[in-house]
Amino acid sequence: MMTDRLIGLFEQSDGKFLSGEQLSEELGVSRTAVWKQIERLRQQGYLFEAVSRKGYRLLSKPDRLDMSRLQLKLETERFGRFVKYYDQVESTQIVAARCVAEGAEEGTLILTEEQTAGKGRMGRQWHSPVGKGIWMSLVLKPVWIPLLFTPQLTLLVAVALCRAIRSATGVEAGIKWPNDLLVGGKKVAGILLESSAEDERLQHIIAGVGISVNLQSDDFPPELRDTTTSLAIEAGRQVDRIEVLSRFLLEWEQLYDLYRREGFAPIKLLWEALNVSLHRNIRCRTPQGEFEGFAEGIDEHGALQLRLADGSVKKLYSADISFG
């Protein structure tokens, strides 16, 4: 490909400027075609310096996920052993749904460097810039649990992710019910589970996870800067995405197998130890309206138990919550 040849020329130049004329002669294309290729590389995260009469110089390449290294780091038996990796997709959830329709096995991982329309909860879009995060979906087929227990799996994924982040980076993340991870009150990761069922039994779940790993403040849109953060910002250093991802998949598979053997009780205990939502006053926004109360705990299904001002307890299975 011309793009690969162009990158090769810059890498061989040892940081020196290459003129548009040189590049067009080497590649056998017009200078306009060279410019278009450089612009395309810029959109993929390559950083160039352009100087009149000198040409272009490659300053840095994007941090790309190395699939060979991921397979070497993995300690799982199933999760992540089959990967579909993309430079860019609209949404990993959409790609994963197609893979399921084509017969994808449990543990199939969809991974991308960038999402143009990443899916968040309640129809929101997840900010997923190129080369900065872990934007992924994993195929699960827990046909052995009733549909009613689906919320438990969201909490399981949150526990696995929280444990992985803490062990891989030292960042003290906490779980905000039902599906966000926070650091210092700011969101660092989100989880979205989309399921398919038949006769009240789950057929498959597509678990989407977005982790803001190496974003800096100016990588976030202005409207998100006060409420979101990244692992790099909190750790004060660049974070190894493969290390976080491999640990996450291992934690996830181990907890998933524990859940199948022993049910939700051990997962519930782990979730309670890592949560930042309970035993405090919160405000919950749901499709049925807003509720305020004291978050007492979660029940055996993973529903939030909210004690209202009149003393009654309301069970919520999904809501946007804020802290009062």
# chains A, B, ... in the order shown; residues from 1 in each chain; ligands from 1
$ closest_atom_pairs --of "region 78-158 of chain A" --to "region 60-64 of chain A" --cutoff "12 Å" --atoms "only C-alpha atoms" --output "Markdown table"
| residue | atom | partner | partner_atom | distance |
| --- | --- | --- | --- | --- |
| A:Tyr85 | CA | A:Arg64 | CA | 10.8 |
| A:Tyr86 | CA | A:Arg64 | CA | 10.6 |
| A:Asp87 | CA | A:Arg64 | CA | 8.9 |
| A:Gln88 | CA | A:Arg64 | CA | 11.9 |
| A:Leu111 | CA | A:Arg64 | CA | 11.4 |
| A:Thr112 | CA | A:Arg64 | CA | 9.7 |
| A:Glu113 | CA | A:Arg64 | CA | 7.2 |
| A:Glu114 | CA | A:Arg64 | CA | 10.6 |
| A:Pro129 | CA | A:Pro62 | CA | 11.4 |
| A:Val130 | CA | A:Pro62 | CA | 8.2 |
| A:Gly131 | CA | A:Asp63 | CA | 5.5 |
| A:Lys132 | CA | A:Asp63 | CA | 7.6 |
| A:Gly133 | CA | A:Asp63 | CA | 9.9 |
| A:Ile134 | CA | A:Arg64 | CA | 10.7 |
$ residues_around --residues "Leu9 (chain A)" --least-positions-apart "5" --cutoff "9 Å" --atoms "only C-alpha atoms" --output "mmCIF file with N, CA and C atoms, in the first residue's frame"
data_model
loop_
_atom_site.group_PDB
_atom_site.id
_atom_site.type_symbol
_atom_site.label_atom_id
_atom_site.label_comp_id
_atom_site.auth_asym_id
_atom_site.auth_seq_id
_atom_site.Cartn_x
_atom_site.Cartn_y
_atom_site.Cartn_z
ATOM 1 N N ASP A 4 1.781 2.544 3.514
ATOM 2 C CA ASP A 4 2.881 1.818 4.163
ATOM 3 C C ASP A 4 4.228 2.246 3.581
ATOM 4 N N LEU A 18 11.584 15.512 4.324
ATOM 5 C CA LEU A 18 11.494 14.986 2.965
ATOM 6 C C LEU A 18 10.578 15.913 2.178
ATOM 7 N N LEU A 23 9.194 12.778 -2.296
ATOM 8 C CA LEU A 23 8.206 11.750 -1.989
ATOM 9 C C LEU A 23 7.411 11.359 -3.221
ATOM 10 N N GLU A 26 9.646 9.111 -5.363
ATOM 11 C CA GLU A 26 9.830 7.780 -4.770
ATOM 12 C C GLU A 26 8.578 6.918 -4.914
#
$ closest_residue --among "A:Glu243, A:Asp299, A:Glu253, A:Asp180" --to "Ala158 (chain A)" --atoms "only C-alpha atoms"
A:Asp180
$ residues_around --residues "Leu245 (chain A)" --least-positions-apart "4" --cutoff "12 Å" --atoms "only C-alpha atoms" --output "ChimeraX atom specification"
/A:65-67,69-71,73-76,79-80,109,111,133-138,160-165,167-169,209-213,239-241,249-252
$ residues_around --residues "Thr154 (chain A)" --least-positions-apart "3" --cutoff "9 Å" --atoms "only C-alpha atoms" --output "JSON, numbers by chain"
{"A": [150, 151, 157, 158, 159, 178, 179, 191, 192, 193, 207, 302]}
$ atom_distance --atom1 "CA of Gly293 (chain A)" --atom2 "CA of His279 (chain A)"
10.2 Å
$ residues_around --residues "Ile298 (chain A)" --least-positions-apart "5" --cutoff "12 Å" --atoms "only C-alpha atoms" --output "ChimeraX atom specification"
/A:151-152,155,177-178,264-265,267-269,271-272,275,277-279,303-307,313-318
$ write_last_selection --atoms "N, CA, C and O atoms" --output "short mmCIF file (atom, residue, chain, number, x, y, z; two decimals), in the first residue's frame"
data_model
loop_
_atom_site.label_atom_id
_atom_site.label_comp_id
_atom_site.auth_asym_id
_atom_site.auth_seq_id
_atom_site.Cartn_x
_atom_site.Cartn_y
_atom_site.Cartn_z
N PRO A 151 -28.87 -7.91 34.85
CA PRO A 151 -28.16 -6.81 35.53
C PRO A 151 -26.97 -7.27 36.36
O PRO A 151 -26.03 -6.50 36.57
N GLN A 152 -26.99 -8.51 36.83
CA GLN A 152 -25.86 -9.01 37.60
C GLN A 152 -24.57 -8.99 36.77
O GLN A 152 -23.48 -8.75 37.30
N LEU A 155 -22.69 -5.69 36.74
CA LEU A 155 -21.92 -5.49 37.97
C LEU A 155 -20.67 -6.36 37.97
O LEU A 155 -19.61 -5.93 38.44
N TRP A 177 -22.76 2.73 40.52
CA TRP A 177 -23.88 1.94 40.00
C TRP A 177 -24.60 2.72 38.89
O TRP A 177 -24.76 3.93 39.00
N PRO A 178 -25.00 2.05 37.80
CA PRO A 178 -24.83 0.63 37.57
C PRO A 178 -23.62 0.25 36.73
O PRO A 178 -23.22 -0.90 36.73
N PHE A 264 -24.36 -15.30 42.25
CA PHE A 264 -24.07 -13.88 42.35
C PHE A 264 -23.48 -13.46 43.70
O PHE A 264 -22.86 -12.40 43.81
N ALA A 265 -23.66 -14.28 44.73
CA ALA A 265 -23.26 -13.87 46.09
C ALA A 265 -21.81 -13.40 46.18
O ALA A 265 -21.55 -12.31 46.73
N ILE A 267 -19.84 -12.27 43.81
CA ILE A 267 -19.69 -11.09 42.97
C ILE A 267 -20.26 -9.87 43.70
O ILE A 267 -19.67 -8.78 43.68
N LYS A 268 -21.38 -10.06 44.36
CA LYS A 268 -22.03 -8.97 45.11
C LYS A 268 -21.10 -8.44 46.20
O LYS A 268 -20.97 -7.21 46.38
N LEU A 269 -20.44 -9.33 46.91
CA LEU A 269 -19.52 -8.91 47.97
C LEU A 269 -18.36 -8.09 47.39
O LEU A 269 -17.97 -7.06 47.96
N TRP A 271 -18.37 -6.42 44.55
CA TRP A 271 -18.90 -5.15 44.05
C TRP A 271 -19.08 -4.16 45.19
O TRP A 271 -18.71 -2.98 45.08
N GLU A 272 -19.64 -4.61 46.30
CA GLU A 272 -19.89 -3.73 47.44
C GLU A 272 -18.58 -3.15 47.99
O GLU A 272 -18.55 -2.00 48.44
N ASN A 275 -17.52 -0.26 45.43
CA ASN A 275 -18.48 0.72 44.96
C ASN A 275 -18.29 2.08 45.63
O ASN A 275 -17.73 2.18 46.73
N SER A 277 -21.19 4.19 45.41
CA SER A 277 -22.58 4.65 45.27
C SER A 277 -23.43 4.44 46.51
O SER A 277 -24.45 5.11 46.67
N LEU A 278 -23.05 3.50 47.37
CA LEU A 278 -23.92 3.11 48.48
C LEU A 278 -23.69 3.94 49.74
O LEU A 278 -22.68 4.61 49.89
N HIS A 279 -24.72 3.85 50.62
CA HIS A 279 -24.67 4.46 51.95
C HIS A 279 -24.48 5.98 51.86
O HIS A 279 -23.72 6.58 52.61
N ALA A 303 -30.28 -5.04 41.55
CA ALA A 303 -31.07 -3.80 41.56
C ALA A 303 -30.66 -2.94 42.74
O ALA A 303 -30.34 -3.44 43.83
N LEU A 304 -30.68 -1.64 42.54
CA LEU A 304 -30.37 -0.69 43.60
C LEU A 304 -31.57 -0.52 44.52
O LEU A 304 -32.70 -0.33 44.05
N GLN A 305 -31.33 -0.58 45.82
CA GLN A 305 -32.39 -0.39 46.81
C GLN A 305 -32.29 1.04 47.34
O GLN A 305 -31.35 1.38 48.06
N LEU A 306 -33.26 1.85 46.96
CA LEU A 306 -33.26 3.27 47.30
C LEU A 306 -34.35 3.56 48.33
O LEU A 306 -35.54 3.36 48.05
N ARG A 307 -33.96 4.00 49.54
CA ARG A 307 -34.95 4.33 50.56
C ARG A 307 -35.38 5.78 50.37
O ARG A 307 -34.57 6.71 50.46
N VAL A 313 -38.97 1.60 50.19
CA VAL A 313 -37.78 1.24 49.42
C VAL A 313 -38.18 1.00 47.97
O VAL A 313 -39.09 0.20 47.69
N LYS A 314 -37.51 1.69 47.07
CA LYS A 314 -37.76 1.53 45.64
C LYS A 314 -36.60 0.79 45.01
O LYS A 314 -35.44 1.12 45.25
N LYS A 315 -36.90 -0.23 44.19
CA LYS A 315 -35.87 -0.97 43.49
C LYS A 315 -35.69 -0.39 42.09
O LYS A 315 -36.66 -0.22 41.35
N LEU A 316 -34.45 -0.10 41.75
CA LEU A 316 -34.13 0.44 40.43
C LEU A 316 -33.16 -0.50 39.73
O LEU A 316 -32.15 -0.92 40.30
N TYR A 317 -33.47 -0.81 38.47
CA TYR A 317 -32.60 -1.69 37.69
C TYR A 317 -31.70 -0.92 36.75
O TYR A 317 -30.69 -1.43 36.28
N SER A 318 -32.06 0.33 36.49
CA SER A 318 -31.24 1.17 35.63
C SER A 318 -31.59 2.63 35.91
O SER A 318 -32.78 2.96 36.08
#
$ atom_distance --atom1 "CA of Lys54 (chain A)" --atom2 "CA of Asp219 (chain A)"
29.7 Å
$ closest_residue --among "A:Leu153, A:Ala104, A:Ala117, A:Leu202" --to "His301 (chain A)" --atoms "only C-alpha atoms"
A:Leu153
$ closest_residue --among "A:Lys84, A:Lys141, A:Lys16, A:Arg285" --to "Ala197 (chain A)" --atoms "only C-alpha atoms"
A:Lys141
$ residues_around --residues "Gly15 (chain A)" --least-positions-apart "3" --cutoff "10 Å" --atoms "only C-alpha atoms" --output "CSV table (one decimal) with N, CA, C and O atoms, in the first residue's frame"
chain,number,residue,atom,x,y,z
A,10,PHE,N,9.6,7.8,5.6
A,10,PHE,CA,9.8,8.7,6.7
A,10,PHE,C,10.6,8.0,7.8
A,10,PHE,O,11.5,8.6,8.4
A,11,GLU,N,10.4,6.7,8.1
A,11,GLU,CA,11.1,6.0,9.1
A,11,GLU,C,12.6,5.9,8.7
A,11,GLU,O,13.5,6.0,9.5
A,12,GLN,N,12.9,5.7,7.4
A,12,GLN,CA,14.2,5.6,6.9
A,12,GLN,C,15.0,6.9,6.9
A,12,GLN,O,16.2,7.0,6.9
A,18,LEU,N,11.6,15.5,4.3
A,18,LEU,CA,11.5,15.0,3.0
A,18,LEU,C,10.6,15.9,2.2
A,18,LEU,O,9.5,16.2,2.6
A,56,TYR,N,8.2,17.7,4.7
A,56,TYR,CA,7.5,17.1,5.8
A,56,TYR,C,8.5,16.3,6.6
A,56,TYR,O,9.5,15.7,6.1
A,57,ARG,N,8.3,16.3,7.9
A,57,ARG,CA,9.1,15.4,8.8
A,57,ARG,C,8.1,14.7,9.8
A,57,ARG,O,7.2,15.3,10.4
A,58,LEU,N,8.3,13.4,10.0
A,58,LEU,CA,7.5,12.6,10.9
A,58,LEU,C,8.0,12.8,12.3
A,58,LEU,O,9.1,12.5,12.6
A,59,LEU,N,7.1,13.3,13.2
A,59,LEU,CA,7.4,13.6,14.6
A,59,LEU,C,7.1,12.4,15.5
A,59,LEU,O,7.8,12.1,16.4
A,60,SER,N,5.9,11.8,15.3
A,60,SER,CA,5.5,10.7,16.1
A,60,SER,C,4.5,9.9,15.4
A,60,SER,O,3.8,10.3,14.5
$ residues_around --residues "Lys186 (chain A)" --least-positions-apart "2" --cutoff "12 Å" --atoms "only C-alpha atoms" --output "list of chain:residue names"
A:Glu172, A:Ala173, A:Gly174, A:Ile175, A:Lys176, A:Asp180, A:Leu181, A:Leu182, A:Val183, A:Gly184, A:Val188, A:Ala189, A:Gly190, A:Ser212, A:Leu224, A:Arg225, A:Asp226, A:Thr227, A:Thr228, A:Thr229, A:Ser230, A:Leu231, A:Ile233, A:Glu234, A:Val276, A:Ser322
$ select_by_dssp --residues "region 120-231 of chain A" --states "strand (DSSP E or B)" --output "ChimeraX atom specification"
/A:125-126,133-140,146,174-176,180-183,186-198,201-212,228
$ atom_distance --atom1 "CA of Val139 (chain A)" --atom2 "CA of Ile205 (chain A)"
6.1 Å
$ closest_residue --among "A:Ala295, A:Val171, A:Ala273, A:Leu6" --to "Val34 (chain A)" --atoms "only C-alpha atoms"
A:Leu6
